[in-house]
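Below is coords_38.pdb, holding PDB, C-alpha atoms.
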ATOM      1  CA  MET A   1      79.815 159.049  31.088
ATOM      2  CA  THR A   2      83.021 160.300  32.698
ATOM      3  CA  THR A   3      83.033 164.031  33.425
ATOM      4  CA  LEU A   4      85.697 166.488  34.511
ATOM      5  CA  ALA A   5      83.949 166.733  37.870
ATOM      6  CA  ASP A   6      84.326 162.949  38.270
ATOM      7  CA  ILE A   7      88.035 163.196  37.503
ATOM      8  CA  LEU A   8      88.643 166.082  39.910
ATOM      9  CA  ARG A   9      86.670 164.439  42.709
ATOM     10  CA  GLY A  10      88.685 161.286  42.129
ATOM     11  CA  ILE A  11      91.926 163.213  42.479
ATOM     12  CA  GLU A  12      90.683 164.720  45.726
ATOM     13  CA  GLY A  13      90.301 161.128  46.896
ATOM     14  CA  GLY A  14      93.795 160.199  45.724
ATOM     15  CA  VAL A  15      92.831 158.555  42.414
ATOM     16  CA  PHE A  16      94.581 160.088  39.405
ATOM     17  CA  PRO A  17      94.058 159.453  35.684
ATOM     18  CA  THR A  18      96.188 156.548  34.504
ATOM     19  CA  PRO A  19      99.644 157.823  33.379
ATOM     20  CA  ASP A  20      99.433 156.044  30.030
ATOM     21  CA  LEU A  21     100.350 158.900  27.653
ATOM     22  CA  SER A  22      96.738 159.184  26.534
ATOM     23  CA  ILE A  23      94.220 161.973  26.003
ATOM     24  CA  THR A  24      90.723 161.817  27.456
ATOM     25  CA  VAL A  25      87.981 163.976  25.949
ATOM     26  CA  VAL A  26      85.023 164.789  28.208
ATOM     27  CA  PRO A  27      82.134 167.280  27.879
ATOM     28  CA  ALA A  28      82.597 170.939  28.799
ATOM     29  CA  PRO A  29      81.826 171.199  32.529
ATOM     30  CA  SER A  30      79.495 174.177  32.005
ATOM     31  CA  ASP A  31      78.557 176.883  29.535
ATOM     32  CA  ARG A  32      81.012 179.137  31.360
ATOM     33  CA  GLU A  33      84.165 177.111  30.870
ATOM     34  CA  VAL A  34      86.177 174.881  28.578
ATOM     35  CA  CYS A  35      89.614 173.648  29.557
ATOM     36  CA  VAL A  36      92.638 171.500  28.855
ATOM     37  CA  VAL A  37      94.029 169.870  31.986
ATOM     38  CA  ALA A  38      97.404 168.142  32.165
ATOM     39  CA  PHE A  39      98.288 165.493  34.715
ATOM     40  CA  THR A  40     101.289 163.175  34.861
ATOM     41  CA  ALA A  41     101.356 161.431  31.449
ATOM     42  CA  HIS A  42      97.657 162.097  30.863
ATOM     43  CA  ILE A  43      95.714 164.980  29.298
ATOM     44  CA  VAL A  44      92.028 165.740  29.798
ATOM     45  CA  ILE A  45      90.262 167.994  27.286
ATOM     46  CA  ALA A  46      86.935 169.180  28.683
ATOM     47  CA  ALA A  47      85.122 170.645  25.697
ATOM     48  CA  ASP A  48      82.227 169.796  23.419
ATOM     49  CA  VAL A  49      84.502 168.466  20.684
ATOM     50  CA  SER A  50      84.928 165.023  19.177
ATOM     51  CA  PRO A  51      87.896 162.769  19.946
ATOM     52  CA  ASP A  52      88.467 162.527  16.184
ATOM     53  CA  TRP A  53      88.830 166.313  15.927
ATOM     54  CA  VAL A  54      91.368 166.254  18.753
ATOM     55  CA  ALA A  55      93.289 163.336  17.225
ATOM     56  CA  GLY A  56      93.519 165.181  13.914
ATOM     57  CA  LEU A  57      95.390 168.043  15.565
ATOM     58  CA  ILE A  58      97.594 166.248  18.083
ATOM     59  CA  PRO A  59     100.331 163.798  17.038
ATOM     60  CA  ASP A  60      99.955 160.443  18.750
ATOM     61  CA  GLY A  61     101.698 160.440  22.129
ATOM     62  CA  ASP A  62     102.549 164.175  22.061
ATOM     63  CA  LEU A  63     101.324 165.370  25.439
ATOM     64  CA  SER A  64     102.883 168.811  25.071
ATOM     65  CA  ALA A  65     100.746 169.718  22.040
ATOM     66  CA  PRO A  66      97.405 170.190  23.877
ATOM     67  CA  LEU A  67      98.837 173.061  25.938
ATOM     68  CA  ASN A  68     100.769 174.656  23.082
ATOM     69  CA  PRO A  69      99.473 177.673  21.113
ATOM     70  CA  PRO A  70      98.470 175.883  17.857
ATOM     71  CA  PHE A  71      96.033 173.510  19.537
ATOM     72  CA  LEU A  72      94.724 176.082  22.013
ATOM     73  CA  TYR A  73      94.141 178.530  19.162
ATOM     74  CA  ALA A  74      92.198 175.898  17.228
ATOM     75  CA  LEU A  75      90.133 175.210  20.339
ATOM     76  CA  GLU A  76      89.492 178.933  20.751
ATOM     77  CA  GLN A  77      88.256 179.189  17.174
ATOM     78  CA  LEU A  78      86.018 176.139  17.440
ATOM     79  CA  THR A  79      84.429 177.096  20.754
ATOM     80  CA  GLY A  80      84.325 180.881  20.356
ATOM     81  CA  ARG A  81      86.323 181.372  23.543
ATOM     82  CA  ARG A  82      89.721 182.699  24.566
ATOM     83  CA  VAL A  83      92.439 181.280  26.761
ATOM     84  CA  ASN A  84      92.156 183.086  30.068
ATOM     85  CA  ALA A  85      95.274 181.635  31.680
ATOM     86  CA  ILE A  86      97.584 178.642  31.828
ATOM     87  CA  ASP A  87      98.123 177.837  35.484
ATOM     88  CA  GLN A  88      99.550 175.167  37.705
ATOM     89  CA  MET A  89      97.020 173.497  40.004
ATOM     90  CA  LEU A  90      97.632 172.871  43.683
ATOM     91  CA  LEU A  91      95.346 171.051  46.101
ATOM     92  CA  ALA A  92      94.913 170.802  49.871
ATOM     93  CA  PRO A  93      92.402 169.137  52.191
ATOM     94  CA  ALA A  94      90.290 171.070  54.655
ATOM     95  CA  LEU A  95      91.676 171.442  58.148
ATOM     96  CA  THR A  96      89.798 169.136  60.475
ATOM     97  CA  ASP A  97      91.049 169.895  63.988
ATOM     98  CA  PRO A  98      88.678 172.461  65.594
ATOM     99  CA  ALA A  99      91.502 174.320  67.317
ATOM    100  CA  GLU A 100      93.501 174.540  64.080
ATOM    101  CA  ARG A 101      90.456 175.755  62.174
ATOM    102  CA  ALA A 102      89.726 178.433  64.749
ATOM    103  CA  ALA A 103      93.331 179.652  64.805
ATOM    104  CA  ALA A 104      93.517 179.752  61.010
ATOM    105  CA  VAL A 105      90.523 182.090  60.632
ATOM    106  CA  ASP A 106      91.246 184.282  63.648
ATOM    107  CA  GLY A 107      91.040 187.938  62.614
ATOM    108  CA  LEU A 108      89.194 187.344  59.345
ATOM    109  CA  VAL A 109      86.082 189.424  58.678
ATOM    110  CA  GLU A 110      83.638 188.426  55.936
ATOM    111  CA  VAL A 111      82.924 191.021  53.268
ATOM    112  CA  THR A 112      79.432 191.095  51.802
ATOM    113  CA  GLU A 113      79.914 193.979  49.353
ATOM    114  CA  ARG A 114      81.189 193.207  45.862
ATOM    115  CA  GLY A 115      82.993 196.474  45.132
ATOM    116  CA  HIS A 116      86.550 195.162  45.443
ATOM    117  CA  PRO A 117      88.030 194.367  41.979
ATOM    118  CA  ARG A 118      89.295 190.953  43.133
ATOM    119  CA  ILE A 119      85.833 190.043  44.441
ATOM    120  CA  GLU A 120      84.163 191.192  41.223
ATOM    121  CA  ARG A 121      86.602 189.098  39.215
ATOM    122  CA  ALA A 122      85.944 186.053  41.404
ATOM    123  CA  TRP A 123      82.204 186.274  40.736
ATOM    124  CA  ARG A 124      82.841 186.239  36.974
ATOM    125  CA  TYR A 125      84.485 182.809  37.167
ATOM    126  CA  ARG A 126      83.032 181.261  40.319
ATOM    127  CA  ASP A 127      79.764 180.683  42.151
ATOM    128  CA  ASP A 128      79.046 180.883  45.879
ATOM    129  CA  VAL A 129      81.949 183.284  46.451
ATOM    130  CA  HIS A 130      82.874 184.213  50.018
ATOM    131  CA  ALA A 131      85.447 186.923  50.738
ATOM    132  CA  TYR A 132      87.259 187.766  53.955
ATOM    133  CA  THR A 133      89.569 190.626  54.890
ATOM    134  CA  THR A 134      92.272 191.016  57.532
ATOM    135  CA  PRO A 135      93.325 193.998  59.669
ATOM    136  CA  TYR A 136      96.379 194.565  57.422
ATOM    137  CA  GLY A 137      94.295 194.630  54.232
ATOM    138  CA  GLY A 138      94.739 191.036  53.099
ATOM    139  CA  LEU A 139      91.975 189.267  51.204
ATOM    140  CA  VAL A 140      91.093 185.585  50.876
ATOM    141  CA  LEU A 141      88.256 184.260  48.730
ATOM    142  CA  THR A 142      86.669 180.862  48.299
ATOM    143  CA  GLY A 143      84.126 179.806  45.675
ATOM    144  CA  ARG A 144      82.923 177.081  43.333
ATOM    145  CA  GLY A 145      84.908 177.242  40.111
ATOM    146  CA  LEU A 146      85.901 174.758  37.413
ATOM    147  CA  ALA A 147      83.547 171.752  37.379
ATOM    148  CA  GLY A 148      82.169 172.832  40.749
ATOM    149  CA  ARG A 149      85.441 172.435  42.617
ATOM    150  CA  LEU A 150      86.224 174.626  45.635
ATOM    151  CA  GLU A 151      88.866 177.240  44.743
ATOM    152  CA  VAL A 152      90.861 179.848  46.640
ATOM    153  CA  ALA A 153      92.275 183.206  45.643
ATOM    154  CA  LEU A 154      94.181 185.547  47.905
ATOM    155  CA  GLU A 155      95.789 188.969  47.911
ATOM    156  CA  VAL A 156      98.347 190.528  50.244
ATOM    157  CA  PRO A 157      99.039 194.280  50.076
ATOM    158  CA  THR A 158     102.536 195.202  48.926
ATOM    159  CA  SER A 159     103.284 196.773  52.308
ATOM    160  CA  ALA A 160     102.520 193.485  54.103
ATOM    161  CA  ARG A 161     104.414 191.071  51.878
ATOM    162  CA  GLY A 162     107.376 188.993  52.988
ATOM    163  CA  THR A 163     106.038 188.416  56.492
ATOM    164  CA  GLY A 164     104.123 185.152  56.096
ATOM    165  CA  HIS A 165     100.676 186.673  55.595
ATOM    166  CA  GLY A 166     100.145 184.871  52.288
ATOM    167  CA  ARG A 167     100.888 181.520  53.876
ATOM    168  CA  HIS A 168      98.432 182.316  56.663
ATOM    169  CA  LEU A 169      95.687 183.216  54.172
ATOM    170  CA  ALA A 170      96.305 180.072  52.128
ATOM    171  CA  ARG A 171      95.993 178.036  55.297
ATOM    172  CA  ALA A 172      92.901 179.990  56.354
ATOM    173  CA  ALA A 173      91.188 178.909  53.131
ATOM    174  CA  ARG A 174      91.551 175.318  54.317
ATOM    175  CA  ALA A 175      89.547 176.245  57.425
ATOM    176  CA  LEU A 176      86.873 178.129  55.481
ATOM    177  CA  ILE A 177      85.640 175.000  53.694
ATOM    178  CA  PRO A 178      83.748 172.072  55.233
ATOM    179  CA  PRO A 179      85.756 169.250  56.823
ATOM    180  CA  GLY A 180      86.176 166.357  54.418
ATOM    181  CA  THR A 181      86.413 168.602  51.353
ATOM    182  CA  HIS A 182      89.399 169.916  49.373
ATOM    183  CA  ILE A 183      90.350 173.287  47.937
ATOM    184  CA  TRP A 184      92.212 174.076  44.719
ATOM    185  CA  SER A 185      94.558 176.912  43.882
ATOM    186  CA  GLN A 186      95.529 178.051  40.391
ATOM    187  CA  VAL A 187      98.899 179.800  40.229
ATOM    188  CA  SER A 188     100.779 181.196  37.255
ATOM    189  CA  PRO A 189     103.883 179.029  36.682
ATOM    190  CA  GLY A 190     106.020 182.165  36.730
ATOM    191  CA  ASN A 191     104.686 183.364  40.084
ATOM    192  CA  ALA A 192     107.306 181.654  42.210
ATOM    193  CA  ALA A 193     106.412 183.640  45.332
ATOM    194  CA  SER A 194     102.788 182.493  45.181
ATOM    195  CA  THR A 195     103.876 178.918  44.503
ATOM    196  CA  ARG A 196     106.091 178.971  47.594
ATOM    197  CA  THR A 197     103.194 180.427  49.602
ATOM    198  CA  PHE A 198     100.841 177.580  48.799
ATOM    199  CA  LEU A 199     103.499 174.904  49.198
ATOM    200  CA  ALA A 200     104.282 176.307  52.646
ATOM    201  CA  ALA A 201     100.579 175.992  53.504
ATOM    202  CA  ASP A 202     100.748 172.283  52.558
ATOM    203  CA  TYR A 203      99.105 172.449  49.138
ATOM    204  CA  GLN A 204     100.397 169.817  46.724
ATOM    205  CA  PRO A 205     101.086 170.247  42.975
ATOM    206  CA  ILE A 206      98.537 168.309  40.918
ATOM    207  CA  GLY A 207      98.955 169.395  37.298
ATOM    208  CA  SER A 208      98.331 172.339  35.007
ATOM    209  CA  GLU A 209      95.367 173.760  33.156
ATOM    210  CA  ALA A 210      94.454 176.089  30.326
ATOM    211  CA  LEU A 211      91.073 177.665  30.972
ATOM    212  CA  LEU A 212      89.060 179.051  28.057
ATOM    213  CA  VAL A 213      86.308 181.556  28.791
ATOM    214  CA  ARG A 214      83.896 183.713  26.815
TER     215      ARG A 214
END
Can you give me the file's structure in the form of structure tokens?
Amino acid sequence: MTTLADILRGIEGGVFPTPDLSITVVPAPSDREVCVVAFTAHIVIAADVSPDWVAGLIPDGDLSAPLNPPFLYALEQLTGRRVNAIDQMLLAPALTDPAERAAAVDGLVEVTERGHPRIERAWRYRDDVHAYTTPYGGLVLTGRGLAGRLEVALEVPTSARGTGHGRHLARAARALIPPGTHIWSQVSPGNAASTRTFLAADYQPIGSEALLVR
């Protein structure tokens, strides 16, 4: 059986779903999450629903419908969940050069307390969360999120923005994961500044997703 984890691991290895204007339905990756993921000319619906139910709501060949409100609302009602966000997905490999890895994490200090709101939020949607701060108050987190993939979130204080700190934190995340792995970022399509940050840190656009949570 194909799973969302299989599909995401394949993409990390450079193998994308076939761009054949089709919809693939796979099981929900966990009790915590249901999602609709859009790639080039291919949609993946990861939910405990039947392909016939999906086909009854989506016109044949209409790949915009799965991420539009009518279908997402129907999915919410069926699964008892709510759409948490619709984000673009970006992906980058871990840094492998030891000198690059060391330079990328220079100045970071791991935080073990969970009092920060961003850290608390990360634990609601991810496992194995690790958080690091910087001398200027920046924050970068890594953790296991959707279908077990490695994910990054970061925060730069308003007073420190516009100076490249976000790009540095996005790059640092690539040094905080094991060599040979990849890390994903989810960014709101309207957050152009964050998009530019991750692109500058050599993350590549992969697709978009609508995540449904309890």
As a check of understanding, name the residues that the PyMOL selection byres ((chain A and resi 114-125) around 10) selects in the supplied structure, as a PyMOL selection string. chain A and resi 32-33+111-113+126-132+139-146+151-155+213
Using the chain letters and numbering of this document, enumerate as a ChimeraX atom specification the residues selected by the PyMOL selection byres ((chain A and resi 27-31) around 9). /A:2-5,25-26,32-35,45-49,146-148
Which residues, written as a list of chain:residue names, have at least one atom at most 9 Å from Tyr136 of chain A, with all atoms listed in the file counted and residues fewer than 3 positions away on the same chain left out?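 Result of the neighbour search: A:Thr133, A:Val156, A:Pro157, A:Ser159, A:Ala160.
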Could you write out as a PyMOL selection string the residues that the PyMOL selection byres ((chain A and resi 71-86) around 7) matches in the shown file? chain A and resi 57+65-70+87+188+209-214
Counting all atoms listed in the file, which residues of segment 19-135 of chain A sit at most 8 Å from some atom of segment 180-184 of chain A, and what is each one's closest atom pair with its distance in Å to one decimal, listed by chain and rising residue number, as a tab-separated table?
residue	atom	partner	partner_atom	distance
A:Met89	CA	A:Trp184	CA	6.8
A:Leu90	CA	A:Trp184	CA	5.6
A:Leu91	CA	A:Trp184	CA	4.6
A:Ala92	CA	A:Ile183	CA	5.5
A:Pro93	CA	A:His182	CA	4.2
A:Ala94	CA	A:His182	CA	5.5
A:Thr96	CA	A:Gly180	CA	7.6
Selection to disk with C-alpha atoms, as a PDB file, keeping the file's coordinate frame:
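File written: result09.pdb
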ATOM      1  CA  MET A  89      97.020 173.497  40.004  1.00  0.00           C
ATOM      2  CA  LEU A  90      97.632 172.871  43.683  1.00  0.00           C
ATOM      3  CA  LEU A  91      95.346 171.051  46.101  1.00  0.00           C
ATOM      4  CA  ALA A  92      94.913 170.802  49.871  1.00  0.00           C
ATOM      5  CA  PRO A  93      92.402 169.137  52.191  1.00  0.00           C
ATOM      6  CA  ALA A  94      90.290 171.070  54.655  1.00  0.00           C
ATOM      7  CA  THR A  96      89.798 169.136  60.475  1.00  0.00           C
TER       8      THR A  96
END
In Å, rounded to a single decimal, give me how far atom CA of Ala193 of chain A is from atom CA of Gln88 of chain A. 13.3 Å
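Rounded to one decimal, atom CA of Ile177 of chain A and atom CA of Gly164 of chain A lie 21.2 Å from each other.
Taking all atoms listed in the file into account, Ile206 of chain A lies nearest to A:Glu12 out of the set A:Glu12, A:Glu100, A:Asp20, A:Asp6.
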For segment 152-174 of chain A, supply N, CA, C and O atoms and format the output as a compact mmCIF listing (two decimals), in the frame of the given file.
# COMPACT_ATOMS: atom_id res chain seq x y z
N VAL A 152 90.42 178.74 45.80
CA VAL A 152 90.86 179.85 46.64
C VAL A 152 91.62 180.87 45.81
O VAL A 152 92.32 180.52 44.85
N ALA A 153 91.44 182.13 46.17
CA ALA A 153 92.28 183.21 45.64
C ALA A 153 92.62 184.10 46.83
O ALA A 153 91.82 184.24 47.76
N LEU A 154 93.81 184.68 46.79
CA LEU A 154 94.18 185.55 47.90
C LEU A 154 94.99 186.74 47.41
O LEU A 154 95.53 186.73 46.31
N GLU A 155 95.05 187.75 48.25
CA GLU A 155 95.79 188.97 47.91
C GLU A 155 96.39 189.55 49.19
O GLU A 155 95.70 189.66 50.21
N VAL A 156 97.65 189.90 49.12
CA VAL A 156 98.35 190.53 50.24
C VAL A 156 98.86 191.88 49.77
O VAL A 156 99.53 191.96 48.73
N PRO A 157 98.55 192.97 50.48
CA PRO A 157 99.04 194.28 50.08
C PRO A 157 100.57 194.31 50.00
O PRO A 157 101.25 193.60 50.75
N THR A 158 101.08 195.12 49.10
CA THR A 158 102.54 195.20 48.93
C THR A 158 103.24 195.49 50.24
O THR A 158 104.29 194.93 50.54
N SER A 159 102.65 196.37 51.05
CA SER A 159 103.28 196.77 52.31
C SER A 159 103.35 195.65 53.33
O SER A 159 104.11 195.74 54.30
N ALA A 160 102.56 194.57 53.12
CA ALA A 160 102.52 193.48 54.10
C ALA A 160 103.18 192.21 53.60
O ALA A 160 103.13 191.18 54.27
N ARG A 161 103.83 192.27 52.45
CA ARG A 161 104.41 191.07 51.88
C ARG A 161 105.75 190.72 52.54
O ARG A 161 106.40 191.57 53.13
N GLY A 162 106.10 189.44 52.44
CA GLY A 162 107.38 188.99 52.99
C GLY A 162 107.35 188.71 54.47
O GLY A 162 108.40 188.51 55.08
N THR A 163 106.15 188.65 55.05
CA THR A 163 106.04 188.42 56.49
C THR A 163 105.20 187.19 56.83
O THR A 163 104.82 187.01 57.99
N GLY A 164 104.87 186.37 55.85
CA GLY A 164 104.12 185.15 56.10
C GLY A 164 102.62 185.29 56.02
O GLY A 164 101.89 184.32 56.25
N HIS A 165 102.12 186.49 55.66
CA HIS A 165 100.68 186.67 55.60
C HIS A 165 100.03 185.81 54.50
O HIS A 165 98.93 185.28 54.67
N GLY A 166 100.70 185.68 53.36
CA GLY A 166 100.14 184.87 52.29
C GLY A 166 99.97 183.43 52.71
O GLY A 166 98.94 182.80 52.43
N ARG A 167 100.97 182.90 53.38
CA ARG A 167 100.89 181.52 53.88
C ARG A 167 99.72 181.37 54.85
O ARG A 167 98.99 180.37 54.82
N HIS A 168 99.54 182.37 55.71
CA HIS A 168 98.43 182.32 56.66
C HIS A 168 97.09 182.33 55.94
O HIS A 168 96.16 181.58 56.29
N LEU A 169 96.94 183.16 54.91
CA LEU A 169 95.69 183.22 54.17
C LEU A 169 95.42 181.91 53.41
O LEU A 169 94.28 181.45 53.35
N ALA A 170 96.47 181.35 52.84
CA ALA A 170 96.30 180.07 52.13
C ALA A 170 95.86 178.98 53.09
O ALA A 170 95.03 178.12 52.76
N ARG A 171 96.40 179.01 54.28
CA ARG A 171 95.99 178.04 55.30
C ARG A 171 94.58 178.34 55.79
O ARG A 171 93.78 177.42 56.04
N ALA A 172 94.24 179.61 55.92
CA ALA A 172 92.90 179.99 56.35
C ALA A 172 91.84 179.44 55.41
O ALA A 172 90.76 179.02 55.84
N ALA A 173 92.15 179.44 54.10
CA ALA A 173 91.19 178.91 53.13
C ALA A 173 90.85 177.46 53.44
O ALA A 173 89.71 177.02 53.21
N ARG A 174 91.79 176.72 53.98
CA ARG A 174 91.55 175.32 54.32
C ARG A 174 90.62 175.17 55.52
O ARG A 174 90.05 174.10 55.75
